[in-house]
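Enquirer: Contents of model.pdb (PDB, C-alpha atoms and all ligand atoms) are given next:
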ATOM      1  CA  MET A   8      48.458 126.446 131.099  1.00  0.00           C
ATOM      2  CA  ASN A   9      44.919 126.073 132.382  1.00  0.00           C
ATOM      3  CA  ILE A  10      42.504 124.402 129.983  1.00  0.00           C
ATOM      4  CA  ILE A  11      38.931 123.622 130.910  1.00  0.00           C
ATOM      5  CA  THR A  12      37.916 120.122 129.914  1.00  0.00           C
ATOM      6  CA  LYS A  13      34.223 119.466 129.428  1.00  0.00           C
ATOM      7  CA  ASP A  14      32.560 116.139 130.051  1.00  0.00           C
ATOM      8  CA  TRP A  15      30.816 116.148 126.688  1.00  0.00           C
ATOM      9  CA  PRO A  16      29.190 113.037 125.206  1.00  0.00           C
ATOM     10  CA  TRP A  17      30.953 113.020 121.810  1.00  0.00           C
ATOM     11  CA  PRO A  18      28.564 111.096 119.550  1.00  0.00           C
ATOM     12  CA  HIS A  19      31.048 109.670 117.031  1.00  0.00           C
ATOM     13  CA  GLY A  20      34.314 109.230 118.932  1.00  0.00           C
ATOM     14  CA  PHE A  21      37.646 110.298 117.415  1.00  0.00           C
ATOM     15  CA  SER A  22      40.297 109.287 114.922  1.00  0.00           C
ATOM     16  CA  GLY A  23      43.946 110.193 115.485  1.00  0.00           C
ATOM     17  CA  ARG A  24      46.201 112.209 113.146  1.00  0.00           C
ATOM     18  CA  ASN A  25      49.426 110.890 111.701  1.00  0.00           C
ATOM     19  CA  SER A  26      50.997 114.316 111.437  1.00  0.00           C
ATOM     20  CA  THR A  27      50.511 117.865 112.660  1.00  0.00           C
ATOM     21  CA  ASN A  28      51.849 120.350 110.154  1.00  0.00           C
ATOM     22  CA  TYR A  29      49.677 123.335 111.011  1.00  0.00           C
ATOM     23  CA  ILE A  30      48.157 125.164 113.940  1.00  0.00           C
ATOM     24  CA  ILE A  31      45.191 126.915 112.342  1.00  0.00           C
ATOM     25  CA  ILE A  32      43.701 130.012 113.962  1.00  0.00           C
ATOM     26  CA  HIS A  33      39.976 130.778 113.612  1.00  0.00           C
ATOM     27  CA  HIS A  34      37.312 133.094 114.880  1.00  0.00           C
ATOM     28  CA  THR A  35      33.842 131.752 115.651  1.00  0.00           C
ATOM     29  CA  ALA A  36      32.264 134.655 113.722  1.00  0.00           C
ATOM     30  CA  GLY A  37      29.690 134.818 116.543  1.00  0.00           C
ATOM     31  CA  PRO A  38      29.322 136.592 119.893  1.00  0.00           C
ATOM     32  CA  GLN A  39      32.422 136.982 122.075  1.00  0.00           C
ATOM     33  CA  MET A  40      30.837 135.040 124.970  1.00  0.00           C
ATOM     34  CA  GLN A  41      28.745 132.063 123.978  1.00  0.00           C
ATOM     35  CA  ASP A  42      27.235 129.155 125.859  1.00  0.00           C
ATOM     36  CA  ILE A  43      29.642 126.546 124.596  1.00  0.00           C
ATOM     37  CA  ASP A  44      27.610 123.637 125.997  1.00  0.00           C
ATOM     38  CA  GLU A  45      24.675 124.837 123.929  1.00  0.00           C
ATOM     39  CA  ILE A  46      26.863 125.013 120.802  1.00  0.00           C
ATOM     40  CA  PHE A  47      28.100 121.499 121.423  1.00  0.00           C
ATOM     41  CA  GLN A  48      24.491 120.289 121.624  1.00  0.00           C
ATOM     42  CA  GLU A  49      23.434 122.246 118.515  1.00  0.00           C
ATOM     43  CA  HIS A  50      26.260 120.671 116.524  1.00  0.00           C
ATOM     44  CA  CYS A  51      25.269 117.215 117.753  1.00  0.00           C
ATOM     45  CA  ASN A  52      21.676 117.934 116.712  1.00  0.00           C
ATOM     46  CA  LEU A  53      22.943 118.672 113.199  1.00  0.00           C
ATOM     47  CA  GLY A  54      24.530 115.223 113.127  1.00  0.00           C
ATOM     48  CA  TRP A  55      28.055 116.608 113.600  1.00  0.00           C
ATOM     49  CA  ASN A  56      30.547 115.295 116.092  1.00  0.00           C
ATOM     50  CA  GLY A  57      30.149 118.099 118.651  1.00  0.00           C
ATOM     51  CA  ILE A  58      32.694 120.889 118.204  1.00  0.00           C
ATOM     52  CA  GLY A  59      35.175 120.733 115.332  1.00  0.00           C
ATOM     53  CA  TYR A  60      37.878 122.875 116.978  1.00  0.00           C
ATOM     54  CA  HIS A  61      40.485 121.527 119.366  1.00  0.00           C
ATOM     55  CA  ARG A  62      40.522 124.598 121.542  1.00  0.00           C
ATOM     56  CA  VAL A  63      38.136 127.522 121.958  1.00  0.00           C
ATOM     57  CA  ILE A  64      39.316 130.756 123.577  1.00  0.00           C
ATOM     58  CA  LYS A  65      36.387 132.528 125.133  1.00  0.00           C
ATOM     59  CA  GLY A  66      35.986 136.296 125.344  1.00  0.00           C
ATOM     60  CA  ASP A  67      37.185 136.274 128.966  1.00  0.00           C
ATOM     61  CA  GLY A  68      40.375 134.446 127.972  1.00  0.00           C
ATOM     62  CA  THR A  69      39.285 131.033 129.229  1.00  0.00           C
ATOM     63  CA  THR A  70      40.469 128.140 127.067  1.00  0.00           C
ATOM     64  CA  VAL A  71      38.070 125.228 126.606  1.00  0.00           C
ATOM     65  CA  GLN A  72      39.233 121.909 125.193  1.00  0.00           C
ATOM     66  CA  GLY A  73      37.111 120.806 122.250  1.00  0.00           C
ATOM     67  CA  ARG A  74      38.320 117.694 120.445  1.00  0.00           C
ATOM     68  CA  PRO A  75      41.440 116.177 122.011  1.00  0.00           C
ATOM     69  CA  ASP A  76      44.604 117.712 120.536  1.00  0.00           C
ATOM     70  CA  TRP A  77      45.604 114.372 118.972  1.00  0.00           C
ATOM     71  CA  ALA A  78      42.289 113.823 117.171  1.00  0.00           C
ATOM     72  CA  ILE A  79      41.292 114.784 113.657  1.00  0.00           C
ATOM     73  CA  GLY A  80      39.209 117.943 113.874  1.00  0.00           C
ATOM     74  CA  ALA A  81      36.567 119.477 111.627  1.00  0.00           C
ATOM     75  CA  HIS A  82      37.632 123.087 111.241  1.00  0.00           C
ATOM     76  CA  ALA A  83      39.621 123.521 108.019  1.00  0.00           C
ATOM     77  CA  GLU A  84      38.499 121.477 105.030  1.00  0.00           C
ATOM     78  CA  GLY A  85      41.518 120.053 103.222  1.00  0.00           C
ATOM     79  CA  LEU A  86      43.883 120.218 106.206  1.00  0.00           C
ATOM     80  CA  ASN A  87      41.924 118.580 109.015  1.00  0.00           C
ATOM     81  CA  TYR A  88      44.056 115.445 108.714  1.00  0.00           C
ATOM     82  CA  CYS A  89      47.240 117.330 109.648  1.00  0.00           C
ATOM     83  CA  SER A  90      46.267 120.300 111.801  1.00  0.00           C
ATOM     84  CA  VAL A  91      45.068 121.549 115.167  1.00  0.00           C
ATOM     85  CA  GLY A  92      42.338 124.198 115.217  1.00  0.00           C
ATOM     86  CA  VAL A  93      42.210 127.023 117.761  1.00  0.00           C
ATOM     87  CA  SER A  94      39.241 129.381 117.626  1.00  0.00           C
ATOM     88  CA  LEU A  95      38.637 132.692 119.369  1.00  0.00           C
ATOM     89  CA  GLU A  96      35.069 133.618 120.171  1.00  0.00           C
ATOM     90  CA  GLY A  97      34.002 136.724 118.347  1.00  0.00           C
ATOM     91  CA  ASN A  98      33.892 138.163 114.846  1.00  0.00           C
ATOM     92  CA  PHE A  99      37.082 139.953 113.834  1.00  0.00           C
ATOM     93  CA  GLU A 100      36.247 140.666 110.224  1.00  0.00           C
ATOM     94  CA  GLY A 101      35.516 144.383 110.273  1.00  0.00           C
ATOM     95  CA  VAL A 102      33.511 144.055 113.491  1.00  0.00           C
ATOM     96  CA  GLY A 103      35.101 143.262 116.856  1.00  0.00           C
ATOM     97  CA  THR A 104      38.635 142.902 118.154  1.00  0.00           C
ATOM     98  CA  PRO A 105      40.007 140.152 120.390  1.00  0.00           C
ATOM     99  CA  THR A 106      40.096 141.058 124.089  1.00  0.00           C
ATOM    100  CA  GLU A 107      43.457 141.441 125.866  1.00  0.00           C
ATOM    101  CA  ALA A 108      42.643 138.233 127.721  1.00  0.00           C
ATOM    102  CA  GLN A 109      42.041 136.407 124.445  1.00  0.00           C
ATOM    103  CA  ILE A 110      45.313 137.623 122.957  1.00  0.00           C
ATOM    104  CA  GLN A 111      47.223 136.473 126.041  1.00  0.00           C
ATOM    105  CA  ALA A 112      45.426 133.135 125.992  1.00  0.00           C
ATOM    106  CA  LEU A 113      46.191 132.718 122.293  1.00  0.00           C
ATOM    107  CA  LYS A 114      49.891 133.280 122.994  1.00  0.00           C
ATOM    108  CA  ASP A 115      49.764 130.715 125.815  1.00  0.00           C
ATOM    109  CA  ASN A 116      47.989 128.198 123.601  1.00  0.00           C
ATOM    110  CA  ILE A 117      50.510 128.667 120.805  1.00  0.00           C
ATOM    111  CA  VAL A 118      53.424 128.119 123.202  1.00  0.00           C
ATOM    112  CA  ASP A 119      51.685 125.035 124.577  1.00  0.00           C
ATOM    113  CA  LEU A 120      50.911 123.583 121.138  1.00  0.00           C
ATOM    114  CA  LYS A 121      54.384 124.377 119.751  1.00  0.00           C
ATOM    115  CA  GLU A 122      55.826 122.326 122.622  1.00  0.00           C
ATOM    116  CA  LYS A 123      53.660 119.411 121.520  1.00  0.00           C
ATOM    117  CA  TYR A 124      54.082 120.000 117.779  1.00  0.00           C
ATOM    118  CA  PRO A 125      57.361 121.885 117.219  1.00  0.00           C
ATOM    119  CA  GLU A 126      57.210 121.462 113.439  1.00  0.00           C
ATOM    120  CA  ALA A 127      53.720 122.924 113.090  1.00  0.00           C
ATOM    121  CA  LYS A 128      53.330 126.221 111.289  1.00  0.00           C
ATOM    122  CA  ILE A 129      50.872 128.814 112.599  1.00  0.00           C
ATOM    123  CA  ILE A 130      48.452 130.021 109.948  1.00  0.00           C
ATOM    124  CA  GLY A 131      45.092 131.745 109.698  1.00  0.00           C
ATOM    125  CA  HIS A 132      42.174 129.723 108.306  1.00  0.00           C
ATOM    126  CA  ARG A 133      42.066 132.063 105.282  1.00  0.00           C
ATOM    127  CA  GLU A 134      45.447 130.706 104.137  1.00  0.00           C
ATOM    128  CA  VAL A 135      44.109 127.181 103.746  1.00  0.00           C
ATOM    129  CA  ALA A 136      42.436 127.691 100.338  1.00  0.00           C
ATOM    130  CA  GLU A 137      45.775 128.590  98.770  1.00  0.00           C
ATOM    131  CA  ILE A 138      47.700 125.825 100.546  1.00  0.00           C
ATOM    132  CA  VAL A 139      45.282 123.138  99.373  1.00  0.00           C
ATOM    133  CA  ASP A 140      44.706 124.924  96.057  1.00  0.00           C
ATOM    134  CA  ASN A 141      40.928 124.878  96.428  1.00  0.00           C
ATOM    135  CA  PRO A 142      39.110 128.217  96.082  1.00  0.00           C
ATOM    136  CA  GLN A 143      35.922 126.538  97.290  1.00  0.00           C
ATOM    137  CA  VAL A 144      37.229 126.549 100.847  1.00  0.00           C
ATOM    138  CA  ALA A 145      38.077 130.275 100.797  1.00  0.00           C
ATOM    139  CA  THR A 146      37.058 132.122 103.973  1.00  0.00           C
ATOM    140  CA  ALA A 147      37.603 135.458 105.709  1.00  0.00           C
ATOM    141  CA  CYS A 148      38.278 133.537 108.953  1.00  0.00           C
ATOM    142  CA  PRO A 149      39.859 134.494 111.401  1.00  0.00           C
ATOM    143  CA  GLY A 150      38.927 138.030 110.333  1.00  0.00           C
ATOM    144  CA  GLU A 151      41.257 140.778 109.186  1.00  0.00           C
ATOM    145  CA  THR A 152      41.886 142.173 112.679  1.00  0.00           C
ATOM    146  CA  LEU A 153      42.970 138.882 114.207  1.00  0.00           C
ATOM    147  CA  TYR A 154      44.794 137.751 111.074  1.00  0.00           C
ATOM    148  CA  GLU A 155      46.995 140.847 111.113  1.00  0.00           C
ATOM    149  CA  MET A 156      47.930 140.128 114.733  1.00  0.00           C
ATOM    150  CA  LEU A 157      49.149 136.595 114.009  1.00  0.00           C
ATOM    151  CA  GLY A 158      52.478 137.676 112.618  1.00  0.00           C
ATOM    152  CA  SER A 159      53.412 139.387 115.886  1.00  0.00           C
ATOM    153  CA  LEU A 160      52.467 136.547 118.224  1.00  0.00           C
TER     154      LEU A 160
HETATM  155 ZN    ZN A 201      37.890 129.258 110.497  1.00  0.00          ZN
END
Show me the file's structure as structure tokens.
Expert:
Amino acid sequence: MNIITKDWPWPHGFSGRNSTNYIIIHHTAGPQMQDIDEIFQEHCNLGWNGIGYHRVIKGDGTTVQGRPDWAIGAHAEGLNYCSVGVSLEGNFEGVGTPTEAQIQALKDNIVDLKEKYPEAKIIGHREVAEIVDNPQVATACPGETLYEMLGSL
């Protein structure tokens, strides 16, 4: 599949994961088309290591590589050490719905990641709090609309 790789200056480098037990699906809870270079810079300005997701699916269905797939991300507190994070642009909690192009791209990304990590289970970010038994990391992410679609992908 076609993934756009950006030439971003990651400020803190990366650490690798020892295992990949989960593919965690997110929404960005923002607009469905964002300037991803600007977001990268904003996150760097906050002292973060650029973007915490491994892959971002834009509203037009384009997939952008965030952190390398093998690296530890910053997208799901408690499971970052053993998961890959894929985020769709948009807010799917009682607001928007993923575009057809995003749904197709999500399917393609899941196939691609399952080839790399056959043992990994696909979950929505909102499932993490229960898995790690920490209500403090509870979230509506990836939104009800997208979450309900996950079972049929
Ligand atoms: Zn999330």
Enquirer: Show me which residues sit within 12 Å of ligand ZN 201 (chain A) when counting only C-alpha atoms and all ligand atoms, and put them as a PyMOL selection string.
Expert: chain A and resi 30-37+59-60+63+80-84+86-87+91-100+130-136+144-150+153-154
Enquirer: Can you write out the residues you just picked, keeping C-alpha atoms, as a PDB file, keeping the file's coordinate frame?
Expert:
ATOM      1  CA  ILE A  30      48.157 125.164 113.940  1.00  0.00           C
ATOM      2  CA  ILE A  31      45.191 126.915 112.342  1.00  0.00           C
ATOM      3  CA  ILE A  32      43.701 130.012 113.962  1.00  0.00           C
ATOM      4  CA  HIS A  33      39.976 130.778 113.612  1.00  0.00           C
ATOM      5  CA  HIS A  34      37.312 133.094 114.880  1.00  0.00           C
ATOM      6  CA  THR A  35      33.842 131.752 115.651  1.00  0.00           C
ATOM      7  CA  ALA A  36      32.264 134.655 113.722  1.00  0.00           C
ATOM      8  CA  GLY A  37      29.690 134.818 116.543  1.00  0.00           C
ATOM      9  CA  GLY A  59      35.175 120.733 115.332  1.00  0.00           C
ATOM     10  CA  TYR A  60      37.878 122.875 116.978  1.00  0.00           C
ATOM     11  CA  VAL A  63      38.136 127.522 121.958  1.00  0.00           C
ATOM     12  CA  GLY A  80      39.209 117.943 113.874  1.00  0.00           C
ATOM     13  CA  ALA A  81      36.567 119.477 111.627  1.00  0.00           C
ATOM     14  CA  HIS A  82      37.632 123.087 111.241  1.00  0.00           C
ATOM     15  CA  ALA A  83      39.621 123.521 108.019  1.00  0.00           C
ATOM     16  CA  GLU A  84      38.499 121.477 105.030  1.00  0.00           C
ATOM     17  CA  LEU A  86      43.883 120.218 106.206  1.00  0.00           C
ATOM     18  CA  ASN A  87      41.924 118.580 109.015  1.00  0.00           C
ATOM     19  CA  VAL A  91      45.068 121.549 115.167  1.00  0.00           C
ATOM     20  CA  GLY A  92      42.338 124.198 115.217  1.00  0.00           C
ATOM     21  CA  VAL A  93      42.210 127.023 117.761  1.00  0.00           C
ATOM     22  CA  SER A  94      39.241 129.381 117.626  1.00  0.00           C
ATOM     23  CA  LEU A  95      38.637 132.692 119.369  1.00  0.00           C
ATOM     24  CA  GLU A  96      35.069 133.618 120.171  1.00  0.00           C
ATOM     25  CA  GLY A  97      34.002 136.724 118.347  1.00  0.00           C
ATOM     26  CA  ASN A  98      33.892 138.163 114.846  1.00  0.00           C
ATOM     27  CA  PHE A  99      37.082 139.953 113.834  1.00  0.00           C
ATOM     28  CA  GLU A 100      36.247 140.666 110.224  1.00  0.00           C
ATOM     29  CA  ILE A 130      48.452 130.021 109.948  1.00  0.00           C
ATOM     30  CA  GLY A 131      45.092 131.745 109.698  1.00  0.00           C
ATOM     31  CA  HIS A 132      42.174 129.723 108.306  1.00  0.00           C
ATOM     32  CA  ARG A 133      42.066 132.063 105.282  1.00  0.00           C
ATOM     33  CA  GLU A 134      45.447 130.706 104.137  1.00  0.00           C
ATOM     34  CA  VAL A 135      44.109 127.181 103.746  1.00  0.00           C
ATOM     35  CA  ALA A 136      42.436 127.691 100.338  1.00  0.00           C
ATOM     36  CA  VAL A 144      37.229 126.549 100.847  1.00  0.00           C
ATOM     37  CA  ALA A 145      38.077 130.275 100.797  1.00  0.00           C
ATOM     38  CA  THR A 146      37.058 132.122 103.973  1.00  0.00           C
ATOM     39  CA  ALA A 147      37.603 135.458 105.709  1.00  0.00           C
ATOM     40  CA  CYS A 148      38.278 133.537 108.953  1.00  0.00           C
ATOM     41  CA  PRO A 149      39.859 134.494 111.401  1.00  0.00           C
ATOM     42  CA  GLY A 150      38.927 138.030 110.333  1.00  0.00           C
ATOM     43  CA  LEU A 153      42.970 138.882 114.207  1.00  0.00           C
ATOM     44  CA  TYR A 154      44.794 137.751 111.074  1.00  0.00           C
TER      45      TYR A 154
END
Enquirer: Could you list the residues chosen by the PyMOL selection byres (((chain A and resi 20) around 12) and not hetatm) in this structure as number ranges by chain?
Expert: A: 15-19, 21-23, 55-58, 74-75, 78-80
Enquirer: Taking into account only C-alpha atoms, which residue in the set A:Gly54, A:Gly68, A:Pro142, A:Gly73 is nearest to A:Glu107?
Expert: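 So, comparing all the options, the nearest one is A:Gly68.
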Enquirer: Using atom CA of A:Ala108 and atom CA of A:Met40 as the two end points, give the distance in Å to one decimal.
Expert: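 Between atom CA of A:Ala108 and atom CA of A:Met40 the gap is 12.5 Å.
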Enquirer: What does the distance between atom CA of A:Glu45 and atom CA of A:Thr12 come to in Å, to one decimal place?
Expert: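 That distance, rounded to one decimal, is 15.3 Å.
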Enquirer: Which is closer to A:Val118 than all the others in A:Thr27, A:Glu137, A:Met8, A:Leu53, using all atoms listed in the file?
Expert: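 Comparing A:Thr27, A:Glu137, A:Met8, A:Leu53 against A:Val118, the winner is A:Met8.
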Enquirer: Find the residues of stretch 47-89 of chain A that sit at most 10 Å from stretch 121-128 of chain A; for each, write down the nearest two atoms and how far apart they are in Å, to one decimal. Count all atoms listed in the file. Sort by chain, then by number going up, and give it as a Markdown table.
Expert:
| residue | atom | partner | partner_atom | distance |
| --- | --- | --- | --- | --- |
| A:Asp76 | CA | A:Lys123 | CA | 9.3 |
| A:Trp77 | CA | A:Lys123 | CA | 9.8 |
| A:Cys89 | CA | A:Ala127 | CA | 9.2 |
Enquirer: Grab the atom CA of A:Gln39 to atom CA of A:Thr104 distance for me, in Å with one decimal place.
Expert: 9.4 Å
Enquirer: I'd like the box whose edges run along x, y and z of the file and which contains every listed atom of stretch 49-60 of chain A, padded by 4 Å per side; could you state its centre and edge lengths in Å, one decimal, as lines of an AutoDock Vina configuration file?
Expert:
center_x = 29.8
center_y = 119.0
center_z = 115.9
size_x = 24.2
size_y = 15.7
size_z = 13.5
Enquirer: My list of candidates is A:Thr152, A:Asn52, A:Gln72, A:Asn141. Which is closest to A:Asp14 when distances are computed with only C-alpha atoms?
Expert: A:Gln72
Enquirer: Using only C-alpha atoms, which of A:Ile64, A:Val71, A:Ile46, A:Ile117 sits nearest A:Lys13?
Expert: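 Nearest candidate to A:Lys13 out of A:Ile64, A:Val71, A:Ile46, A:Ile117: A:Val71.
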Enquirer: When you count all atoms listed in the file, which of these residues is closest to A:Gly158: A:Ile129, A:Cys51, A:Ile11, A:Leu120?
Expert: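 Smallest distance to A:Gly158 is found for A:Ile129.
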Enquirer: From the options A:Glu49, A:Asp140, A:Glu155, A:Asp115, which residue's atoms come nearest to A:Gly85, counting only C-alpha atoms?
Expert: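 Of all the options, A:Asp140 lies closest to A:Gly85.
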